[in-house]
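Q: Just so it is clear, I am handing over structure18.txt, which has compact mmCIF, C-alpha atoms.
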```txt
# COMPACT_ATOMS: atom_id res chain seq x y z
CA MET O 1 0.00 0.00 0.00
CA LEU O 2 2.73 2.48 1.00
CA LYS O 3 4.68 1.65 -2.15
CA LYS O 4 1.63 2.55 -4.25
CA ILE O 5 1.09 5.81 -2.38
CA PHE O 6 4.69 6.94 -2.68
CA SER O 7 4.77 6.55 -6.45
CA TRP O 8 4.60 8.91 -9.41
CA PRO O 9 1.37 7.38 -10.82
CA PHE O 10 -0.36 8.02 -7.48
CA ALA O 11 1.02 11.57 -7.28
CA CYS O 12 -0.23 12.27 -10.81
CA ALA O 13 -3.66 10.78 -10.01
CA ALA O 14 -3.88 12.75 -6.76
CA LEU O 15 -3.09 16.01 -8.56
CA LEU O 16 -5.68 15.39 -11.31
CA THR O 17 -8.45 14.36 -8.91
CA LEU O 18 -7.59 17.21 -6.50
CA ILE O 19 -7.99 19.72 -9.33
CA CYS O 20 -11.39 18.24 -10.19
CA SER O 21 -12.51 18.23 -6.57
CA LEU O 22 -11.46 21.84 -5.93
CA ALA O 23 -13.01 22.99 -9.20
CA GLY O 24 -16.20 21.12 -8.33
CA SER O 25 -16.37 22.82 -4.93
CA TYR O 26 -15.94 26.23 -6.52
CA LEU O 27 -18.40 25.65 -9.36
CA ALA O 28 -21.00 24.37 -6.89
CA THR O 29 -21.08 27.83 -5.30
CA LEU O 30 -22.36 29.39 -8.52
CA PRO O 31 -26.14 29.94 -8.51
CA CYS O 32 -26.73 28.02 -11.73
CA LEU O 33 -24.72 24.98 -10.56
CA LYS O 34 -25.50 24.93 -6.83
CA VAL O 35 -28.39 22.53 -7.34
CA ILE O 36 -26.09 19.94 -8.95
CA GLY O 37 -23.63 19.73 -6.05
CA ALA O 38 -19.84 19.55 -5.77
CA LEU O 39 -19.59 15.75 -5.88
CA VAL O 40 -21.51 15.36 -9.10
CA ILE O 41 -19.57 18.22 -10.71
CA ALA O 42 -16.31 16.53 -9.70
CA LEU O 43 -17.56 13.33 -11.32
CA LEU O 44 -18.37 15.22 -14.54
CA LEU O 45 -14.96 16.89 -14.54
CA GLY O 46 -13.37 13.46 -14.13
CA MET O 47 -15.23 12.37 -17.26
CA VAL O 48 -13.88 15.40 -19.12
CA MET O 49 -10.35 14.41 -18.06
CA GLN O 50 -10.66 11.36 -20.31
CA VAL O 51 -9.50 13.55 -23.21
CA GLY O 52 -6.02 13.20 -21.73
CA ARG O 53 -5.95 9.42 -22.14
CA PRO O 54 -2.11 8.96 -22.06
CA VAL O 55 -1.89 10.76 -18.70
CA LEU O 56 -4.79 8.75 -17.30
CA ASP O 57 -3.26 5.47 -18.44
CA TYR O 58 -0.05 6.38 -16.60
CA SER O 59 -2.04 7.35 -13.48
CA ARG O 60 -4.37 4.33 -13.55
CA PRO O 61 -3.00 2.54 -10.42
CA GLY O 62 -3.32 5.75 -8.38
CA ILE O 63 -6.81 6.48 -9.74
CA GLY O 64 -8.07 3.11 -8.52
CA LEU O 65 -6.55 3.67 -5.08
CA ILE O 66 -8.13 7.11 -4.73
CA ALA O 67 -11.55 5.87 -5.86
CA ASN O 68 -11.43 3.20 -3.15
CA LYS O 69 -9.50 4.48 -0.13
CA PHE O 70 -10.23 8.19 -0.35
CA LEU O 71 -13.92 7.42 -0.66
CA ARG O 72 -13.94 5.48 2.61
CA LEU O 73 -11.93 8.13 4.43
CA GLY O 74 -14.27 10.81 3.10
CA ILE O 75 -17.34 8.93 4.35
CA ILE O 76 -15.73 8.55 7.80
CA LEU O 77 -15.06 12.30 8.01
CA LEU O 78 -18.58 13.01 6.75
CA GLY O 79 -19.77 11.56 10.05
CA PHE O 80 -18.69 14.80 11.76
CA LYS O 81 -21.55 16.50 9.91
CA LEU O 82 -24.07 14.45 11.92
CA ASN O 83 -24.86 16.17 15.19
CA LEU O 84 -26.64 13.47 17.17
CA ILE O 85 -28.07 15.92 19.69
CA ALA O 86 -29.68 17.97 16.92
CA LEU O 87 -31.12 14.79 15.43
CA ALA O 88 -32.48 13.74 18.82
CA GLN O 89 -34.02 17.18 19.34
CA ALA O 90 -35.77 16.83 15.98
CA GLY O 91 -37.91 14.20 17.66
CA ILE O 92 -39.06 10.67 17.07
CA LYS O 93 -41.27 11.76 14.18
CA THR O 94 -38.29 12.83 12.09
CA ILE O 95 -36.36 9.62 12.79
CA ALA O 96 -39.46 7.52 12.09
CA LEU O 97 -40.00 9.41 8.83
CA ALA O 98 -36.41 8.67 7.80
CA VAL O 99 -36.85 4.95 8.49
CA VAL O 100 -40.08 4.84 6.49
CA VAL O 101 -38.61 6.84 3.60
CA VAL O 102 -35.41 4.81 3.31
CA THR O 103 -37.18 1.45 3.62
CA PHE O 104 -39.95 2.37 1.19
CA THR O 105 -37.63 3.87 -1.43
CA ILE O 106 -35.05 1.08 -1.41
CA LEU O 107 -37.67 -1.68 -1.64
CA VAL O 108 -39.77 0.01 -4.32
CA THR O 109 -36.85 1.14 -6.47
CA TYR O 110 -35.16 -2.25 -6.28
CA GLN O 111 -38.31 -4.19 -7.15
CA LEU O 112 -39.15 -1.87 -10.06
CA ALA O 113 -35.60 -2.04 -11.40
CA ARG O 114 -35.58 -5.84 -11.27
CA ARG O 115 -38.94 -5.99 -13.06
CA PHE O 116 -37.43 -3.79 -15.79
CA GLY O 117 -34.56 -6.23 -16.24
CA VAL O 118 -31.85 -4.34 -14.32
CA ASP O 119 -29.22 -6.64 -12.78
CA ARG O 120 -29.18 -7.08 -9.02
CA HIS O 121 -26.00 -5.08 -8.39
CA LEU O 122 -27.07 -1.97 -10.30
CA ALA O 123 -30.62 -2.21 -8.92
CA ILE O 124 -29.54 -2.12 -5.26
CA LEU O 125 -27.00 0.68 -5.87
CA THR O 126 -29.63 2.82 -7.59
CA ALA O 127 -32.16 2.06 -4.85
CA SER O 128 -29.70 2.94 -2.08
CA GLY O 129 -28.60 6.18 -3.70
CA THR O 130 -32.22 7.22 -4.24
CA GLY O 131 -33.29 6.28 -0.72
CA ILE O 132 -30.40 7.46 1.46
CA CYS O 133 -28.00 10.17 0.31
CA GLY O 134 -27.08 9.99 -3.35
CA ALA O 135 -23.49 9.43 -4.49
CA ALA O 136 -22.06 8.78 -1.01
CA ALA O 137 -24.67 6.06 -0.41
CA VAL O 138 -24.00 4.46 -3.81
CA MET O 139 -20.30 4.18 -3.08
CA GLY O 140 -20.75 3.22 0.57
CA ILE O 141 -23.19 0.42 -0.26
CA SER O 142 -21.07 -0.71 -3.22
CA SER O 143 -18.18 -1.48 -0.89
CA GLN O 144 -20.43 -4.04 0.82
CA LEU O 145 -21.28 -5.89 -2.39
CA THR O 146 -18.25 -8.13 -2.74
CA SER O 147 -17.71 -9.94 -6.00
CA ASP O 148 -15.38 -12.66 -7.21
CA ASP O 149 -11.97 -12.01 -8.71
CA ASP O 150 -13.24 -12.12 -12.28
CA PRO O 151 -11.94 -8.91 -13.95
CA ALA O 152 -15.06 -8.66 -16.14
CA THR O 153 -17.32 -8.74 -13.07
CA LYS O 154 -15.24 -6.13 -11.26
CA LEU O 155 -15.33 -3.88 -14.32
CA ARG O 156 -19.09 -4.26 -14.60
CA HIS O 157 -19.54 -3.35 -10.94
CA GLN O 158 -17.36 -0.26 -11.34
CA GLU O 159 -19.48 0.77 -14.32
CA ASN O 160 -22.63 0.20 -12.28
CA GLU O 161 -21.33 2.61 -9.63
CA VAL O 162 -20.99 5.38 -12.21
CA VAL O 163 -24.40 4.63 -13.71
CA ALA O 164 -26.08 4.71 -10.27
CA VAL O 165 -24.36 7.99 -9.32
CA ALA O 166 -25.44 9.52 -12.65
CA ILE O 167 -29.06 8.41 -12.10
CA VAL O 168 -29.39 9.93 -8.62
CA ALA O 169 -27.68 13.11 -9.82
CA ILE O 170 -30.08 13.52 -12.75
CA LEU O 171 -33.22 12.73 -10.76
CA GLY O 172 -32.14 14.68 -7.69
CA THR O 173 -31.57 17.81 -9.76
CA LEU O 174 -34.84 17.36 -11.64
CA PHE O 175 -36.92 16.83 -8.50
CA THR O 176 -35.25 19.76 -6.75
CA LEU O 177 -36.58 22.03 -9.48
CA ILE O 178 -39.98 20.29 -9.37
CA GLU O 179 -40.36 20.74 -5.61
CA ILE O 180 -39.36 24.40 -5.75
CA GLY O 181 -41.96 24.87 -8.49
CA LEU O 182 -44.62 23.05 -6.46
CA LYS O 183 -44.04 25.10 -3.32
CA PRO O 184 -46.70 27.79 -4.02
CA LEU O 185 -49.26 25.12 -4.93
CA LEU O 186 -48.91 22.91 -1.86
CA HIS O 187 -49.78 25.55 0.78
CA MET O 188 -47.27 24.12 3.26
CA THR O 189 -45.79 25.78 6.32
CA ALA O 190 -42.03 26.37 6.30
CA LEU O 191 -41.61 23.34 8.59
CA GLN O 192 -43.67 21.07 6.34
CA PHE O 193 -41.82 22.18 3.20
CA GLY O 194 -38.48 21.51 4.90
CA VAL O 195 -39.62 18.04 5.93
CA MET O 196 -40.76 17.32 2.37
CA THR O 197 -37.52 18.44 0.71
CA GLY O 198 -35.25 16.76 3.23
CA GLY O 199 -37.32 13.59 3.19
CA SER O 200 -37.67 13.19 -0.56
CA LEU O 201 -34.59 14.59 -2.31
CA HIS O 202 -31.50 12.57 -3.07
CA GLU O 203 -28.30 14.48 -2.22
CA ILE O 204 -27.70 16.79 0.74
CA ALA O 205 -27.01 19.52 -1.84
CA HIS O 206 -30.47 18.96 -3.34
CA ALA O 207 -32.16 19.23 0.06
CA VAL O 208 -30.25 22.44 0.83
CA ALA O 209 -31.08 23.99 -2.54
CA ALA O 210 -34.80 23.23 -2.31
CA GLY O 211 -35.14 23.84 1.43
CA SER O 212 -33.61 27.30 1.15
CA ALA O 213 -36.50 28.30 -1.13
CA GLY O 214 -38.78 28.14 1.93
CA GLY O 215 -36.68 30.35 4.20
CA PRO O 216 -34.42 29.71 7.23
CA VAL O 217 -36.85 27.44 9.11
CA SER O 218 -37.44 25.36 6.01
CA LEU O 219 -33.71 25.09 5.31
CA ASP O 220 -32.82 23.98 8.85
CA THR O 221 -35.63 21.42 8.82
CA ALA O 222 -34.58 20.11 5.41
CA ILE O 223 -30.99 19.58 6.59
CA ILE O 224 -32.04 17.81 9.80
CA THR O 225 -34.51 15.59 7.95
CA LYS O 226 -31.94 14.73 5.30
CA LEU O 227 -29.25 13.97 7.88
CA SER O 228 -31.70 11.61 9.60
CA ARG O 229 -31.65 9.59 6.38
CA VAL O 230 -27.84 9.82 6.18
CA LEU O 231 -27.66 8.37 9.70
CA LEU O 232 -29.21 5.16 8.33
CA LEU O 233 -26.34 4.62 5.87
CA ALA O 234 -24.36 2.43 8.29
CA PRO O 235 -27.15 0.01 9.34
CA VAL O 236 -28.45 -0.22 5.76
CA ALA O 237 -24.94 -1.03 4.50
CA ILE O 238 -24.69 -3.92 6.95
CA LEU O 239 -28.16 -5.28 6.10
CA VAL O 240 -27.61 -4.95 2.36
CA GLY O 241 -24.23 -6.69 2.64
CA ILE O 242 -25.81 -9.66 4.43
CA TRP O 243 -28.73 -9.81 1.98
CA TYR O 244 -26.51 -9.54 -1.10
CA GLN O 245 -24.25 -12.38 0.02
CA LYS O 246 -27.28 -14.58 0.67
CA ALA O 247 -28.86 -13.71 -2.70
CA THR O 248 -25.57 -14.39 -4.49
CA ARG O 249 -25.24 -17.81 -2.85
CA GLN O 250 -28.81 -18.71 -3.83
CA ALA O 251 -28.14 -17.68 -7.44
CA ASN O 252 -24.88 -19.66 -7.53
CA PRO O 253 -25.11 -22.53 -4.99
CA THR O 254 -21.88 -24.11 -6.25
CA GLY O 255 -19.87 -20.94 -5.74
CA GLU O 256 -17.44 -20.51 -2.88
CA LYS O 257 -19.03 -19.07 0.24
CA GLN O 258 -17.83 -15.53 0.89
CA PRO O 259 -17.71 -13.94 4.35
CA VAL O 260 -20.15 -11.13 4.99
CA PRO O 261 -18.15 -7.91 4.65
CA ILE O 262 -17.78 -5.83 7.81
CA PRO O 263 -17.98 -2.12 6.98
CA TRP O 264 -15.23 -0.87 9.29
CA PHE O 265 -15.32 2.54 7.66
CA MET O 266 -19.02 2.76 8.58
CA LEU O 267 -18.02 2.22 12.20
CA GLY O 268 -15.64 5.13 11.71
CA PHE O 269 -18.53 7.16 10.31
CA ILE O 270 -20.56 6.52 13.47
CA LEU O 271 -17.62 7.19 15.81
CA ALA O 272 -16.93 10.48 13.98
CA SER O 273 -20.53 11.60 14.54
CA VAL O 274 -20.26 10.67 18.23
CA ALA O 275 -16.95 12.50 18.60
CA GLY O 276 -18.18 15.58 16.74
CA THR O 277 -21.28 15.72 18.93
CA PHE O 278 -19.90 15.04 22.40
CA ILE O 279 -16.23 16.14 22.43
CA PRO O 280 -16.28 19.91 23.09
CA GLY O 281 -12.79 20.55 21.74
CA LEU O 282 -13.74 19.21 18.31
CA ALA O 283 -16.64 21.61 17.77
CA ALA O 284 -14.40 24.30 16.25
CA LEU O 285 -12.76 21.75 13.95
CA VAL O 286 -15.95 20.12 12.65
CA PRO O 287 -16.52 22.55 9.72
CA SER O 288 -12.93 21.98 8.52
CA LEU O 289 -13.25 18.21 8.87
CA VAL O 290 -16.50 18.19 6.90
CA GLN O 291 -14.86 20.36 4.24
CA LEU O 292 -11.98 17.86 4.07
CA ALA O 293 -14.54 15.06 3.77
CA TYR O 294 -16.11 16.66 0.70
CA LEU O 295 -12.66 17.31 -0.78
CA LEU O 296 -11.75 13.61 -0.48
CA LEU O 297 -15.17 12.49 -1.71
CA GLY O 298 -14.80 14.85 -4.65
CA MET O 299 -11.43 13.29 -5.49
CA ALA O 300 -12.99 9.82 -5.32
CA MET O 301 -15.87 10.93 -7.57
CA ALA O 302 -13.39 12.42 -10.07
CA ALA O 303 -11.44 9.16 -10.09
CA LEU O 304 -14.69 7.34 -10.76
CA GLY O 305 -15.46 9.69 -13.64
CA MET O 306 -12.06 9.01 -15.19
CA ASN O 307 -13.08 5.36 -15.60
CA VAL O 308 -16.52 5.98 -17.12
CA ASN O 309 -17.56 3.89 -20.11
CA PHE O 310 -19.93 6.27 -21.89
CA SER O 311 -21.65 3.59 -23.98
CA VAL O 312 -22.53 1.73 -20.78
CA LEU O 313 -23.85 4.91 -19.18
CA PHE O 314 -26.38 5.48 -21.97
CA THR O 315 -27.45 1.86 -22.42
CA ARG O 316 -27.34 -0.08 -19.16
CA GLY O 317 -28.70 2.78 -17.06
CA LYS O 318 -31.86 3.42 -19.09
CA ASN O 319 -34.20 1.01 -17.28
CA ALA O 320 -32.67 1.81 -13.90
CA LEU O 321 -33.35 5.50 -14.54
CA VAL O 322 -37.01 4.78 -15.34
CA ALA O 323 -37.40 2.66 -12.18
CA ALA O 324 -35.78 5.31 -9.98
CA GLY O 325 -37.88 8.02 -11.66
CA ILE O 326 -41.12 6.22 -10.85
CA SER O 327 -40.06 5.56 -7.26
CA SER O 328 -39.01 9.21 -6.88
CA VAL O 329 -42.51 10.31 -7.87
CA LEU O 330 -44.03 7.88 -5.36
CA LEU O 331 -41.56 9.05 -2.71
CA LEU O 332 -42.49 12.70 -3.25
CA ILE O 333 -46.19 11.89 -2.91
CA LEU O 334 -45.57 9.83 0.24
CA VAL O 335 -43.38 12.41 1.99
CA ALA O 336 -45.62 15.34 1.01
CA THR O 337 -48.60 13.50 2.50
CA LEU O 338 -46.74 12.58 5.70
CA SER O 339 -45.37 16.10 6.17
CA LYS O 340 -48.84 17.64 5.76
CA THR O 341 -50.38 15.08 8.13
CA PHE O 342 -47.85 14.81 10.96
CA PHE O 343 -45.79 18.03 10.94
```
Could I get this file's structure written as structure tokens?
A:
Amino acid sequence: MLKKIFSWPFACAALLTLICSLAGSYLATLPCLKVIGALVIALLLGMVMQVGRPVLDYSRPGIGLIANKFLRLGIILLGFKLNLIALAQAGIKTIALAVVVVTFTILVTYQLARRFGVDRHLAILTASGTGICGAAAVMGISSQLTSDDDPATKLRHQENEVVAVAIVAILGTLFTLIEIGLKPLLHMTALQFGVMTGGSLHEIAHAVAAGSAGGPVSLDTAIITKLSRVLLLAPVAILVGIWYQKATRQANPTGEKQPVPIPWFMLGFILASVAGTFIPGLAALVPSLVQLAYLLLGMAMAALGMNVNFSVLFTRGKNALVAAGISSVLLLILVATLSKTFF
């Protein structure tokens, strides 16, 4: 591992992905791009980097390392964003809503995708990204879906990650604009509108963009509601890992039994949220740690974009996009109804 890190290919990959991540963070501050989010922009910039194919080929070992290890470190640091006291103060209704939303969305999206002929791996990644927290959920759940050593299978799974991230980015942006447009028609209080946006949109950036349209109360509520869904990333990753191993064994009974993966980085995610909440000395550092988390996640997204197979993106993802689109409509209806009824 250390030999790979202290190498020129890794240094070149780190520089390229760092440029994409920093550029993505800057571009995401622009009004016209804020709704897309820094992570998705970093992914798109990584795709653009494919024009420099010779440089990417030289950097390939480092790109793979960044896509894997930096992603996990970024998710751990993202845990500092979760203030457990604030989530507890939001009340049992908010936590219960998050459980209902995540369970409903994952089950419905997965079942629809499978009925439309989407393979199991892509279906569960798309469902998780739609139900929990977009790109970070796709990559976090993907690490739990172990595959054999077949290079073709590994390549297909990497392609599925990009397809799933693209789907949640497209739908999240679309539904952010839809919900902002629906705001005057729904006659919701600021609290209710915040619950709806935080409970139904895909990325944190989407919830922030839409929630801010309802004012400060709506924005704060949207963030808390969204973070309640993010909190479920760790337990869902464990459950999905167990389920996926069981489903794989049933599909291939003669295959070698694989151990259920233990998401150690998810434990780090939880410990980071505990530390950020209860250790007073860390409070001043939390904003910087969260900023570092998004920088590392942006680098991982850029590395992912550098490996995109564009023909796969426009063919394999079509049915998964339709399934996630239908479930997103159902999710919006469900959360709008619950927010009007219980909040």
Q: Could you pull the residues within 9 Å of Ile333 (chain O), counting only C-alpha atoms, minus those fewer than 5 positions along the same chain, as a PDB file with C-alpha atoms, in the coordinates of the input?
A:
```pdb
ATOM      1  CA  SER O 200     -37.670  13.190  -0.560  1.00  0.00           C
ATOM      2  CA  SER O 328     -39.010   9.210  -6.880  1.00  0.00           C
ATOM      3  CA  LEU O 338     -46.740  12.580   5.700  1.00  0.00           C
TER       4      LEU O 338
END
```
Q: I'd like the neighbourhood of Val290 (chain O) as an MDAnalysis selection string, where a residue qualifies if any of its atoms comes within 8 Å (using all atoms listed in the file), though same-chain residues fewer than 3 positions away should be ignored.
A: chainID O and resid 77:78 80:81 286:287 293:294
Q: Using all atoms listed in the file and a cutoff of 9 Å, can you tell me which residues are near (-25.9, 4.1, -18.3) in the file's coordinates, and write them out as an MDAnalysis selection string?
A: chainID O and resid 159:160 162:164 166:167 309:321
Q: Compile a residue-level contact table for region 112-194 of chain O against region 88-106 of chain O at a cut-off of 6 Å, reporting for every qualifying residue the shortest atom pair and its distance in Å to one decimal, with all atoms listed in the file counted, rows ordered by chain and ascending number, as CSV.
A:
```
residue,atom,partner,partner_atom,distance
O:Ala127,CA,O:Ile106,CA,4.6
O:Ser128,CA,O:Ile106,CA,5.7
O:Gly131,CA,O:Val102,CA,4.8
O:Ile132,CA,O:Val102,CA,6.0
```
Q: Write out the residues from the selection above, keeping C-alpha atoms, as a compact mmCIF listing (two decimals), keeping the file's coordinate frame.
A:
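Final output, saved to result05.txt:
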```txt
# COMPACT_ATOMS: atom_id res chain seq x y z
CA ALA O 127 -32.16 2.06 -4.85
CA SER O 128 -29.70 2.94 -2.08
CA GLY O 131 -33.29 6.28 -0.72
CA ILE O 132 -30.40 7.46 1.46
```
Q: From the set O:Leu112, O:Leu71, O:Leu87, O:Leu297, which residue has the shortest atom-to-atom contact distance to Ser143 (chain O), counting only C-alpha atoms?
A: O:Leu71
